[in-house]
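One file, input-v5.cif, carrying mmCIF, C-alpha atoms and all ligand atoms:
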```cif
data_structure
loop_
_atom_site.label_atom_id
_atom_site.label_comp_id
_atom_site.auth_asym_id
_atom_site.auth_seq_id
_atom_site.Cartn_x
_atom_site.Cartn_y
_atom_site.Cartn_z
CA MET M 38 56.73 101.37 60.92
CA GLY M 39 60.00 100.21 62.44
CA ASP M 40 62.19 98.57 59.83
CA SER M 41 59.29 96.80 58.12
CA PRO M 42 58.70 97.46 54.42
CA ILE M 43 54.98 96.88 55.07
CA LEU M 44 52.74 99.93 55.15
CA CYS M 45 49.81 100.00 57.58
CA ALA M 46 47.14 102.33 56.23
CA ILE M 47 45.50 103.01 59.62
CA ASP M 48 46.68 104.33 62.97
CA LEU M 49 46.69 101.25 65.21
CA GLU M 50 46.49 103.51 68.27
CA ALA M 51 43.37 105.41 67.18
CA PRO M 52 40.09 104.87 69.06
CA GLY M 53 36.88 103.92 67.27
CA LYS M 54 36.44 101.54 64.39
CA GLN M 55 38.69 101.51 61.35
CA PHE M 56 38.77 99.37 58.23
CA GLY M 57 42.26 99.50 56.80
CA ARG M 58 44.88 97.40 55.14
CA LEU M 59 48.44 96.30 55.29
CA GLN M 60 50.33 96.80 52.05
CA VAL M 61 53.02 94.27 51.22
CA PRO M 62 55.38 95.24 48.39
CA ARG M 63 54.90 93.00 45.38
CA SER M 64 56.40 92.89 41.91
CA SER M 65 55.10 90.30 39.46
CA ASN M 66 55.14 89.42 35.77
CA THR M 67 51.83 91.23 35.32
CA SER M 68 52.44 94.21 37.60
CA GLY M 69 55.92 95.51 38.14
CA TRP M 70 55.08 98.09 40.80
CA SER M 71 52.41 96.61 43.01
CA ASN M 72 51.31 96.12 46.61
CA GLN M 73 49.30 93.27 48.04
CA PHE M 74 46.50 94.50 50.32
CA ILE M 75 45.79 92.55 53.51
CA PRO M 76 42.65 93.94 55.20
CA ILE M 77 42.98 94.84 58.90
CA VAL M 78 40.20 96.09 61.17
CA THR M 79 40.59 97.76 64.55
CA VAL M 80 37.86 98.43 67.09
CA ALA M 81 39.06 100.33 70.15
CA ARG M 82 37.64 102.09 73.15
CA GLY M 83 39.28 102.86 76.48
CA ALA M 84 42.30 101.39 78.18
CA GLY M 85 41.55 97.65 78.38
CA PRO M 86 43.57 94.78 76.92
CA THR M 87 44.29 94.24 73.23
CA ALA M 88 43.33 91.05 71.41
CA LEU M 89 44.73 90.18 68.01
CA VAL M 90 42.35 87.92 66.04
CA LEU M 91 43.80 86.07 63.04
CA GLY M 92 42.18 83.85 60.43
CA GLY M 93 43.43 82.40 57.19
CA VAL M 94 47.05 81.78 58.09
CA HIS M 95 46.35 78.70 55.96
CA GLY M 96 44.22 79.37 52.90
CA ASP M 97 42.14 76.18 52.91
CA GLU M 98 40.81 76.79 56.43
CA PRO M 99 37.75 79.03 56.00
CA GLU M 100 36.26 78.52 59.49
CA GLY M 101 38.36 81.16 61.22
CA GLN M 102 38.23 83.53 58.26
CA VAL M 103 34.42 83.54 58.30
CA ALA M 104 34.29 84.01 62.09
CA ALA M 105 36.82 86.84 61.91
CA LEU M 106 34.90 88.57 59.10
CA ASN M 107 31.64 88.30 61.07
CA LEU M 108 33.29 89.64 64.22
CA ALA M 109 35.06 92.49 62.42
CA ARG M 110 31.93 93.61 60.63
CA ASP M 111 29.57 93.49 63.63
CA LEU M 112 31.84 94.69 66.45
CA LEU M 113 31.31 98.31 67.48
CA PRO M 114 33.45 100.50 69.74
CA GLU M 115 30.77 100.50 72.43
CA HIS M 116 31.15 96.70 72.69
CA VAL M 117 34.89 96.96 73.40
CA ASN M 118 36.92 97.62 76.53
CA GLY M 119 40.39 97.96 75.05
CA ARG M 120 41.14 97.01 71.47
CA VAL M 121 40.42 94.24 69.03
CA ILE M 122 42.67 94.01 65.97
CA VAL M 123 41.35 91.62 63.33
CA ILE M 124 43.11 90.31 60.23
CA PRO M 125 40.42 88.03 58.78
CA CYS M 126 42.78 86.48 56.25
CA VAL M 127 46.54 86.59 56.79
CA SER M 128 47.47 84.52 53.72
CA MET M 129 45.30 86.25 51.14
CA ASP M 130 46.76 84.58 48.04
CA ALA M 131 46.47 81.15 49.66
CA SER M 132 42.83 81.76 50.56
CA LEU M 133 42.03 82.99 47.05
CA ALA M 134 43.53 79.76 45.71
CA TYR M 135 41.92 77.71 48.53
CA THR M 136 45.28 76.11 49.26
CA ARG M 137 47.08 75.57 52.54
CA LEU M 138 50.29 77.17 51.33
CA LEU M 139 50.89 80.42 49.51
CA PRO M 140 51.30 80.19 45.71
CA SER M 141 55.02 80.81 46.29
CA GLY M 142 55.13 77.50 48.15
CA ALA M 143 55.71 79.25 51.46
CA ASN M 144 53.84 78.10 54.56
CA MET M 145 52.85 81.27 56.44
CA ASN M 146 52.82 79.19 59.61
CA ARG M 147 56.50 78.33 59.24
CA SER M 148 57.61 81.89 58.44
CA PHE M 149 58.02 83.29 61.97
CA PRO M 150 59.71 85.33 63.36
CA GLY M 151 60.19 86.52 59.78
CA SER M 152 62.52 89.10 58.33
CA PRO M 153 62.03 92.64 56.95
CA GLY M 154 64.29 91.78 54.02
CA GLY M 155 62.90 88.31 53.36
CA SER M 156 60.21 86.96 51.08
CA ALA M 157 56.67 88.38 51.27
CA ASP M 158 55.55 85.83 53.87
CA GLU M 159 58.65 86.56 55.98
CA GLN M 160 58.01 90.31 55.73
CA LEU M 161 54.42 89.81 56.88
CA ALA M 162 55.51 87.49 59.71
CA HIS M 163 58.05 90.09 60.80
CA PHE M 164 55.37 92.81 60.79
CA LEU M 165 53.06 90.67 62.93
CA ALA M 166 55.90 89.73 65.29
CA THR M 167 57.29 93.25 65.72
CA GLU M 168 54.26 95.52 65.33
CA LEU M 169 51.13 93.56 66.25
CA PHE M 170 52.21 90.98 68.83
CA PRO M 171 53.92 93.59 71.05
CA ARG M 172 50.68 95.62 71.06
CA SER M 173 48.61 92.56 72.03
CA ASP M 174 47.84 90.80 75.30
CA ILE M 175 45.92 87.97 73.66
CA VAL M 176 46.67 86.39 70.27
CA ILE M 177 43.95 84.19 68.76
CA ASP M 178 44.99 82.14 65.73
CA MET M 179 42.18 80.07 64.22
CA HIS M 180 43.01 76.95 62.21
CA SER M 181 41.33 73.75 61.07
CA GLY M 182 42.47 70.56 59.41
CA GLY M 183 41.99 72.24 56.04
CA ARG M 184 41.55 70.05 52.99
CA THR M 185 44.17 67.56 54.11
CA GLY M 186 42.95 66.63 57.58
CA LEU M 187 39.72 66.07 59.48
CA CYS M 188 40.16 67.04 63.13
CA LEU M 189 37.81 66.71 66.03
CA PRO M 190 36.81 70.35 66.43
CA TRP M 191 38.95 71.59 69.30
CA SER M 192 40.65 74.53 70.92
CA GLU M 193 44.34 73.91 71.54
CA MET M 194 47.57 75.04 73.10
CA HIS M 195 51.25 74.32 73.47
CA TRP M 196 52.40 73.45 76.99
CA VAL M 197 54.47 76.63 77.53
CA ASP M 198 57.04 76.72 80.35
CA ASP M 199 55.82 79.88 82.08
CA ALA M 200 53.21 78.77 84.61
CA ALA M 201 51.32 82.08 84.77
CA GLN M 202 51.13 82.33 80.96
CA ARG M 203 50.13 78.66 80.78
CA ARG M 204 47.26 79.10 83.26
CA GLN M 205 45.86 81.95 81.17
CA MET M 206 46.20 79.89 77.99
CA VAL M 207 44.40 76.93 79.60
CA ASP M 208 41.66 79.33 80.63
CA GLY M 209 41.37 80.64 77.07
CA MET M 210 41.39 77.13 75.61
CA LEU M 211 38.61 75.97 77.94
CA HIS M 212 36.49 79.05 77.24
CA TRP M 213 36.18 78.21 73.55
CA ASN M 214 33.64 75.71 74.94
CA SER M 215 34.36 73.15 72.22
CA ASP M 216 33.66 69.50 73.05
CA TRP M 217 37.38 68.78 72.76
CA CYS M 218 40.57 70.54 73.83
CA CYS M 219 44.04 69.47 72.77
CA VAL M 220 47.56 70.03 74.05
CA TYR M 221 49.85 69.36 71.11
CA ILE M 222 53.45 69.47 69.91
CA ASP M 223 54.90 70.50 66.55
CA ILE M 224 56.00 67.49 64.54
CA ALA M 225 56.40 69.23 61.18
CA GLY M 226 58.85 72.05 61.58
CA THR M 227 59.31 75.32 63.45
CA GLY M 228 58.49 78.94 62.77
CA LEU M 229 54.85 78.80 63.84
CA LEU M 230 52.90 81.98 64.49
CA VAL M 231 51.73 80.78 67.91
CA GLY M 232 55.30 79.86 68.88
CA GLU M 233 56.51 83.43 68.33
CA ALA M 234 53.50 84.88 70.18
CA GLU M 235 54.14 82.47 73.08
CA ARG M 236 57.81 83.44 73.13
CA GLN M 237 56.67 87.06 73.57
CA GLY M 238 54.62 85.97 76.60
CA LYS M 239 51.18 86.43 75.06
CA ILE M 240 48.02 84.57 76.00
CA VAL M 241 47.79 82.45 72.88
CA VAL M 242 44.54 80.69 72.00
CA SER M 243 44.30 78.52 68.91
CA THR M 244 41.93 76.01 67.33
CA GLU M 245 41.61 73.17 64.87
CA LEU M 246 37.95 73.48 63.92
CA GLY M 247 37.24 70.34 61.93
CA GLY M 248 38.43 70.48 58.34
CA GLY M 249 38.48 67.81 55.68
CA GLY M 250 37.44 70.27 53.00
CA HIS M 251 33.95 70.72 54.39
CA VAL M 252 32.50 73.16 56.94
CA THR M 253 29.21 72.50 58.69
CA ALA M 254 26.92 75.17 60.13
CA ALA M 255 27.71 73.81 63.60
CA ILE M 256 31.41 74.46 63.02
CA HIS M 257 30.74 78.01 61.86
CA ARG M 258 28.68 78.55 65.03
CA LEU M 259 31.44 77.09 67.20
CA ALA M 260 34.05 79.30 65.55
CA LEU M 261 32.20 82.53 66.27
CA SER M 262 30.74 81.58 69.66
CA GLY M 263 34.13 80.38 70.91
CA LEU M 264 35.93 83.46 69.60
CA THR M 265 33.37 85.78 71.19
CA ASN M 266 33.41 83.92 74.50
CA VAL M 267 37.21 84.02 74.75
CA LEU M 268 37.20 87.78 74.06
CA ARG M 269 34.61 88.15 76.83
CA ARG M 270 36.63 85.97 79.19
CA PHE M 271 39.59 88.32 78.96
CA GLY M 272 37.41 91.43 79.25
CA VAL M 273 38.10 92.75 75.75
CA ILE M 274 34.46 92.83 74.71
CA GLU M 275 31.36 93.37 76.81
CA GLY M 276 29.21 90.56 78.15
CA ASP M 277 29.76 87.71 80.58
CA ALA M 278 31.76 84.72 79.42
CA VAL M 279 29.99 81.39 79.86
CA THR M 280 31.34 77.96 80.76
CA ARG M 281 30.17 74.61 79.45
CA ALA M 282 28.46 74.08 82.80
CA ASP M 283 26.51 77.31 82.24
CA LEU M 284 25.41 75.83 78.90
CA ASP M 285 24.43 72.49 80.52
CA LEU M 286 27.17 70.74 78.55
CA PRO M 287 29.48 68.06 80.00
CA GLU M 288 33.13 68.92 80.64
CA GLN M 289 35.42 69.03 77.62
CA VAL M 290 37.33 65.91 76.71
CA LEU M 291 41.01 66.79 77.12
CA LEU M 292 43.36 65.36 74.54
CA MET M 293 47.12 65.11 74.95
CA ALA M 294 49.02 64.72 71.69
CA THR M 295 52.42 65.49 73.16
CA GLU M 296 54.37 62.34 72.18
CA LEU M 297 55.66 61.44 68.72
CA ASP M 298 53.77 58.13 69.03
CA ASN M 299 50.49 60.07 68.91
CA TYR M 300 51.20 60.95 65.28
CA LEU M 301 51.09 57.98 62.88
CA LEU M 302 53.04 58.49 59.65
CA ALA M 303 52.53 56.51 56.44
CA PRO M 304 55.28 53.87 56.16
CA GLU M 305 54.77 53.69 52.38
CA SER M 306 53.06 55.66 49.65
CA GLY M 307 49.66 54.43 48.53
CA LEU M 308 45.91 54.84 48.86
CA PHE M 309 44.88 55.31 52.49
CA GLU M 310 41.79 53.61 53.89
CA VAL M 311 40.85 54.62 57.43
CA THR M 312 39.19 51.83 59.44
CA VAL M 313 38.27 53.76 62.60
CA ASP M 314 36.01 56.73 63.18
CA LEU M 315 36.87 60.17 64.46
CA GLY M 316 36.40 60.25 68.24
CA GLN M 317 36.65 56.45 68.56
CA ARG M 318 38.67 55.02 71.46
CA VAL M 319 41.42 52.63 70.33
CA SER M 320 44.07 50.54 72.07
CA VAL M 321 47.76 50.11 71.41
CA ASP M 322 48.40 47.80 68.41
CA GLU M 323 44.80 48.14 67.24
CA PRO M 324 44.48 48.59 63.44
CA VAL M 325 43.37 52.11 62.49
CA GLY M 326 43.83 52.06 58.72
CA ARG M 327 45.38 50.39 55.69
CA ILE M 328 47.46 51.55 52.77
CA HIS M 329 46.57 50.01 49.43
CA PHE M 330 48.80 49.75 46.37
CA LEU M 331 47.00 50.68 43.17
CA GLU M 332 49.69 49.14 40.99
CA ARG M 333 49.76 45.88 42.95
CA PRO M 334 46.24 44.43 43.35
CA ASP M 335 47.90 41.15 44.34
CA ARG M 336 49.64 42.76 47.30
CA ALA M 337 47.96 42.83 50.73
CA PRO M 338 47.47 46.33 52.09
CA GLU M 339 49.85 47.60 54.76
CA VAL M 340 47.97 47.70 58.07
CA ILE M 341 48.55 50.74 60.28
CA LEU M 342 48.50 50.02 64.02
CA SER M 343 47.99 52.52 66.81
CA LYS M 344 51.11 53.04 68.91
CA THR M 345 49.13 54.15 71.97
CA ASP M 346 45.80 53.87 73.74
CA GLY M 347 43.73 56.94 72.98
CA ILE M 348 41.12 58.72 70.92
CA VAL M 349 41.17 59.05 67.14
CA SER M 350 41.59 62.82 66.89
CA VAL M 351 42.71 63.54 63.32
CA ILE M 352 42.23 61.51 60.14
CA ARG M 353 43.94 62.28 56.86
CA ALA M 354 41.28 63.55 54.47
CA ILE M 355 43.10 62.89 51.20
CA ALA M 356 43.32 59.19 50.33
CA THR M 357 46.34 59.51 48.07
CA THR M 358 49.20 59.36 50.52
CA ALA M 359 52.95 59.75 50.33
CA GLN M 360 55.40 58.00 52.59
CA GLY M 361 55.78 60.05 55.78
CA ASP M 362 52.40 61.78 55.59
CA ASN M 363 50.54 61.96 58.88
CA ILE M 364 47.52 59.71 58.43
CA VAL M 365 45.99 59.48 61.92
CA VAL M 366 46.54 61.19 65.27
CA ILE M 367 45.69 59.14 68.34
CA ALA M 368 45.65 61.44 71.37
CA ARG M 369 45.69 60.35 74.99
CA GLU M 370 42.62 61.28 77.01
CA ALA M 371 43.79 63.37 79.95
CA ASP M 372 42.37 64.35 83.28
CA ARG M 373 41.48 67.97 83.98
CA ALA M 374 43.96 67.94 86.87
CA GLU M 375 46.81 67.58 84.36
CA LEU M 376 46.13 71.14 83.18
CA GLU M 377 46.93 72.56 86.62
ZN ZN D 401 46.25 75.72 59.69
#
```

As C-alpha cells, the full file:
Amino acid sequence: MGDSPILCAIDLEAPGKQFGRLQVPRSSNTSGWSNQFIPIVTVARGAGPTALVLGGVHGDEPEGQVAALNLARDLLPEHVNGRVIVIPCVSMDASLAYTRLLPSGANMNRSFPGSPGGSADEQLAHFLATELFPRSDIVIDMHSGGRTGLCLPWSEMHWVDDAAQRRQMVDGMLHWNSDWCCVYIDIAGTGLLVGEAERQGKIVVSTELGGGGHVTAAIHRLALSGLTNVLRRFGVIEGDAVTRADLDLPEQVLLMATELDNYLLAPESGLFEVTVDLGQRVSVDEPVGRIHFLERPDRAPEVILSKTDGIVSVIRAIATTAQGDNIVVIAREADRAELE
C-alpha cells in the first residue's frame, strides 16, 4: 500500500465484515524476522460515509479499547450505511504493558504525521495518515486520563479554523451525550493523531473518559453509548441519534481549557495532595492542592493556587510528582453560544 512498509491483510474496499490485521515489520532480540499484528475490523455496506474508530492510542486507557472491541464484534453489515473501520488498540505493546507510552518510549500520540522509514510508531502513524484518514469522513479517537490523570468524563475537540468542519465537530462532540464537553489546546507537544486528521479536514471526535487507573461500569456504558450515538448522528450506522434532551438530561456543561493558565504545572517535585474535588467550582487564587517534601518534614508544603475561575476538570492521579508535571486543570465554564 503506497510507500508504507505496513501490510494490511484485508481489502479495505471490500463490502461485508472482515477481521484482519495490520502487520508492522519488527526485528527483536528474540525474533529476528517478525511482524507485529495490529487487529483491524471493517464493516461495510453501500455508499455512505466512512468512520474510523480508534482505541488504545495510549495503552493505559482501556475505556475506548473495550468500547471499540464491543462495537467491532457486534456490528453487522446490515447495521451499516457506508463503512466502519475499527482498530480497537492502536498501541498494542503499550496496552499489553498497561502503559501510556510504547515500550520503546515513543508516544503514539506524538508520532504523526509519521514516516514510512521511521520507527515502528512513525510507520504506523504514516499508515493511518496516508491510508486510513483519506478513506474516512469521521475519525473517532477515544482517550481517557489513563493512570496518570483523572478527568471529568468528557467528549472534546480542538477549535479548528474551518467553520464548516468545526460545526460538524461540535455536533459530534455534543452527540457523545457526556455530562461534560471540553475544548482544549495541546500544552505538551505536537504530532497528535487528531491534529493530523483535522489537518486533512475530517470530522474529528475525541474523548477523555475519566481515567485515574480505574474504570467504572458507568464509564464503559458512556464509552459505547457515545460512540454508537455519534456513528448514528453521521448516518454511518442505522438508528436515530438521540440528544441529552431526548434522554431527559440537562444540557452538557461546556468547558474551555484553551489558555495556558488553565493548566497548572508543579513548581517543584514532591508528593502532591489535591485539596479540591473533581467538578468543583474554584476562583482565581483559590488553593487547589499542595506539594509536600518527603525529605523535609519541617518544611511547609508548597500551596498551588488556581490561576483562573473555573471548574476542576483534571486531577493528577499519581501523587509522586516531578517539577513541571500537570497537576490540575481548571477549565472555564462556557456558554453554548460560544460554540457557534
Ligand atoms: Zn490518551

Exercise. If you count only C-alpha atoms and all ligand atoms, which residues end up within 6 Å of ligand ZN 401 (chain D), as an MDAnalysis selection string?
Worked result: chainID M and resid 95 180:181

Given all atoms listed in the file, how would the per-residue table for stretch 196-254 of chain M near stretch 363-367 of chain M read, listing every residue at most 12 Å away with its closest atom pair and distance in Å to one decimal, sorted by chain and number, as a tab-separated table?
```
residue	atom	partner	partner_atom	distance
M:Cys219	CA	M:Ile367	CA	11.4
M:Tyr221	CA	M:Val366	CA	10.6
M:Ile222	CA	M:Val366	CA	11.7
M:Ile224	CA	M:Asn363	CA	9.6
M:Ala225	CA	M:Asn363	CA	9.6
```

Exercise. Quick one: of M:Asn146, M:Ser320, M:Ser128, M:Gln102, who's nearest to M:His257, counting all atoms listed in the file?
Worked result: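 Ranked by minimum distance to M:His257, first place goes to M:Gln102.
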
For this session: Give as a ChimeraX atom specification the set of residues within 6 Å of the point (44.4, 81.1, 52.9), where distances use the file's coordinates and all atoms listed in the file.
Result: /M:93-97,128-129,131-132

Selection above as a file: C-alpha atoms, as a short mmCIF file (atom, residue, chain, number, x, y, z; two decimals), keeping the file's coordinate frame:
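Once everything was written out, this is result.cif:
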```
data_model
loop_
_atom_site.label_atom_id
_atom_site.label_comp_id
_atom_site.auth_asym_id
_atom_site.auth_seq_id
_atom_site.Cartn_x
_atom_site.Cartn_y
_atom_site.Cartn_z
CA GLY M 93 43.43 82.40 57.19
CA VAL M 94 47.05 81.78 58.09
CA HIS M 95 46.35 78.70 55.96
CA GLY M 96 44.22 79.37 52.90
CA ASP M 97 42.14 76.18 52.91
CA SER M 128 47.47 84.52 53.72
CA MET M 129 45.30 86.25 51.14
CA ALA M 131 46.47 81.15 49.66
CA SER M 132 42.83 81.76 50.56
#
```

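Closest approach to M:Leu211 among M:Val325, M:Leu259, M:Ile124, M:Leu291: M:Leu291, based on all atoms listed in the file.
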
Within 9 Å of M:Ala105, counting only C-alpha atoms, which residues show up once you throw out same-chain ones fewer than 2 positions away? Write them as a compact mmCIF listing (two decimals) with C-alpha atoms, keeping the file's coordinate frame, please.
```
# COMPACT_ATOMS: atom_id res chain seq x y z
CA VAL M 90 42.35 87.92 66.04
CA LEU M 91 43.80 86.07 63.04
CA GLY M 92 42.18 83.85 60.43
CA GLU M 100 36.26 78.52 59.49
CA GLY M 101 38.36 81.16 61.22
CA GLN M 102 38.23 83.53 58.26
CA VAL M 103 34.42 83.54 58.30
CA ASN M 107 31.64 88.30 61.07
CA LEU M 108 33.29 89.64 64.22
CA ALA M 109 35.06 92.49 62.42
CA ARG M 110 31.93 93.61 60.63
CA VAL M 123 41.35 91.62 63.33
CA ILE M 124 43.11 90.31 60.23
CA PRO M 125 40.42 88.03 58.78
CA CYS M 126 42.78 86.48 56.25
CA MET M 179 42.18 80.07 64.22
CA ALA M 260 34.05 79.30 65.55
CA LEU M 261 32.20 82.53 66.27
CA LEU M 264 35.93 83.46 69.60
```

The residues within 12 Å of (33.8, 70.6, 67.6), using only C-alpha atoms and the coordinates of the file, should be reported as a PDB file with C-alpha atoms, keeping the file's coordinate frame; which are they?
```pdb
ATOM      1  CA  GLU M 100      36.260  78.520  59.490  1.00  0.00           C
ATOM      2  CA  SER M 181      41.330  73.750  61.070  1.00  0.00           C
ATOM      3  CA  GLY M 182      42.470  70.560  59.410  1.00  0.00           C
ATOM      4  CA  LEU M 187      39.720  66.070  59.480  1.00  0.00           C
ATOM      5  CA  CYS M 188      40.160  67.040  63.130  1.00  0.00           C
ATOM      6  CA  LEU M 189      37.810  66.710  66.030  1.00  0.00           C
ATOM      7  CA  PRO M 190      36.810  70.350  66.430  1.00  0.00           C
ATOM      8  CA  TRP M 191      38.950  71.590  69.300  1.00  0.00           C
ATOM      9  CA  SER M 192      40.650  74.530  70.920  1.00  0.00           C
ATOM     10  CA  GLU M 193      44.340  73.910  71.540  1.00  0.00           C
ATOM     11  CA  TRP M 213      36.180  78.210  73.550  1.00  0.00           C
ATOM     12  CA  ASN M 214      33.640  75.710  74.940  1.00  0.00           C
ATOM     13  CA  SER M 215      34.360  73.150  72.220  1.00  0.00           C
ATOM     14  CA  ASP M 216      33.660  69.500  73.050  1.00  0.00           C
ATOM     15  CA  TRP M 217      37.380  68.780  72.760  1.00  0.00           C
ATOM     16  CA  CYS M 218      40.570  70.540  73.830  1.00  0.00           C
ATOM     17  CA  CYS M 219      44.040  69.470  72.770  1.00  0.00           C
ATOM     18  CA  THR M 244      41.930  76.010  67.330  1.00  0.00           C
ATOM     19  CA  GLU M 245      41.610  73.170  64.870  1.00  0.00           C
ATOM     20  CA  LEU M 246      37.950  73.480  63.920  1.00  0.00           C
ATOM     21  CA  GLY M 247      37.240  70.340  61.930  1.00  0.00           C
ATOM     22  CA  GLY M 248      38.430  70.480  58.340  1.00  0.00           C
ATOM     23  CA  VAL M 252      32.500  73.160  56.940  1.00  0.00           C
ATOM     24  CA  THR M 253      29.210  72.500  58.690  1.00  0.00           C
ATOM     25  CA  ALA M 254      26.920  75.170  60.130  1.00  0.00           C
ATOM     26  CA  ALA M 255      27.710  73.810  63.600  1.00  0.00           C
ATOM     27  CA  ILE M 256      31.410  74.460  63.020  1.00  0.00           C
ATOM     28  CA  HIS M 257      30.740  78.010  61.860  1.00  0.00           C
ATOM     29  CA  ARG M 258      28.680  78.550  65.030  1.00  0.00           C
ATOM     30  CA  LEU M 259      31.440  77.090  67.200  1.00  0.00           C
ATOM     31  CA  ALA M 260      34.050  79.300  65.550  1.00  0.00           C
ATOM     32  CA  SER M 262      30.740  81.580  69.660  1.00  0.00           C
ATOM     33  CA  GLY M 263      34.130  80.380  70.910  1.00  0.00           C
ATOM     34  CA  GLN M 289      35.420  69.030  77.620  1.00  0.00           C
ATOM     35  CA  VAL M 290      37.330  65.910  76.710  1.00  0.00           C
ATOM     36  CA  LEU M 315      36.870  60.170  64.460  1.00  0.00           C
ATOM     37  CA  GLY M 316      36.400  60.250  68.240  1.00  0.00           C
ATOM     38  CA  SER M 350      41.590  62.820  66.890  1.00  0.00           C
TER      39      SER M 350
END
```

Problem set entry | For atom CA of M:Asp158 and atom CA of M:Gln360, the interatomic separation in Å (one decimal) |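 The value is 27.9 Å.
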
For this session: Excluding M:Val231 and residues on its chain fewer than 3 positions from it, collect all residues at most 10 Å away from it, counting only C-alpha atoms, and give them as a list in words.
Result: Asn146, Phe149, Val176, Ile177, Asp178, Met194, His195, Gly228, Ala234, Glu235, Arg236, Gln237, Lys239, Ile240, Val241, Val242 and Ser243 of chain M

For this session: Please provide the set of residues having any atom within 8 Å of M:Thr87, restricted to all atoms listed in the file, with same-chain residues fewer than 4 positions apart removed, written as a list in words.
Result: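 Listing them by chain and then by number gives Gly119, Arg120, Val121, Ile122, Arg172, Ser173, Asp174, Ile175 and Val273 of chain M.
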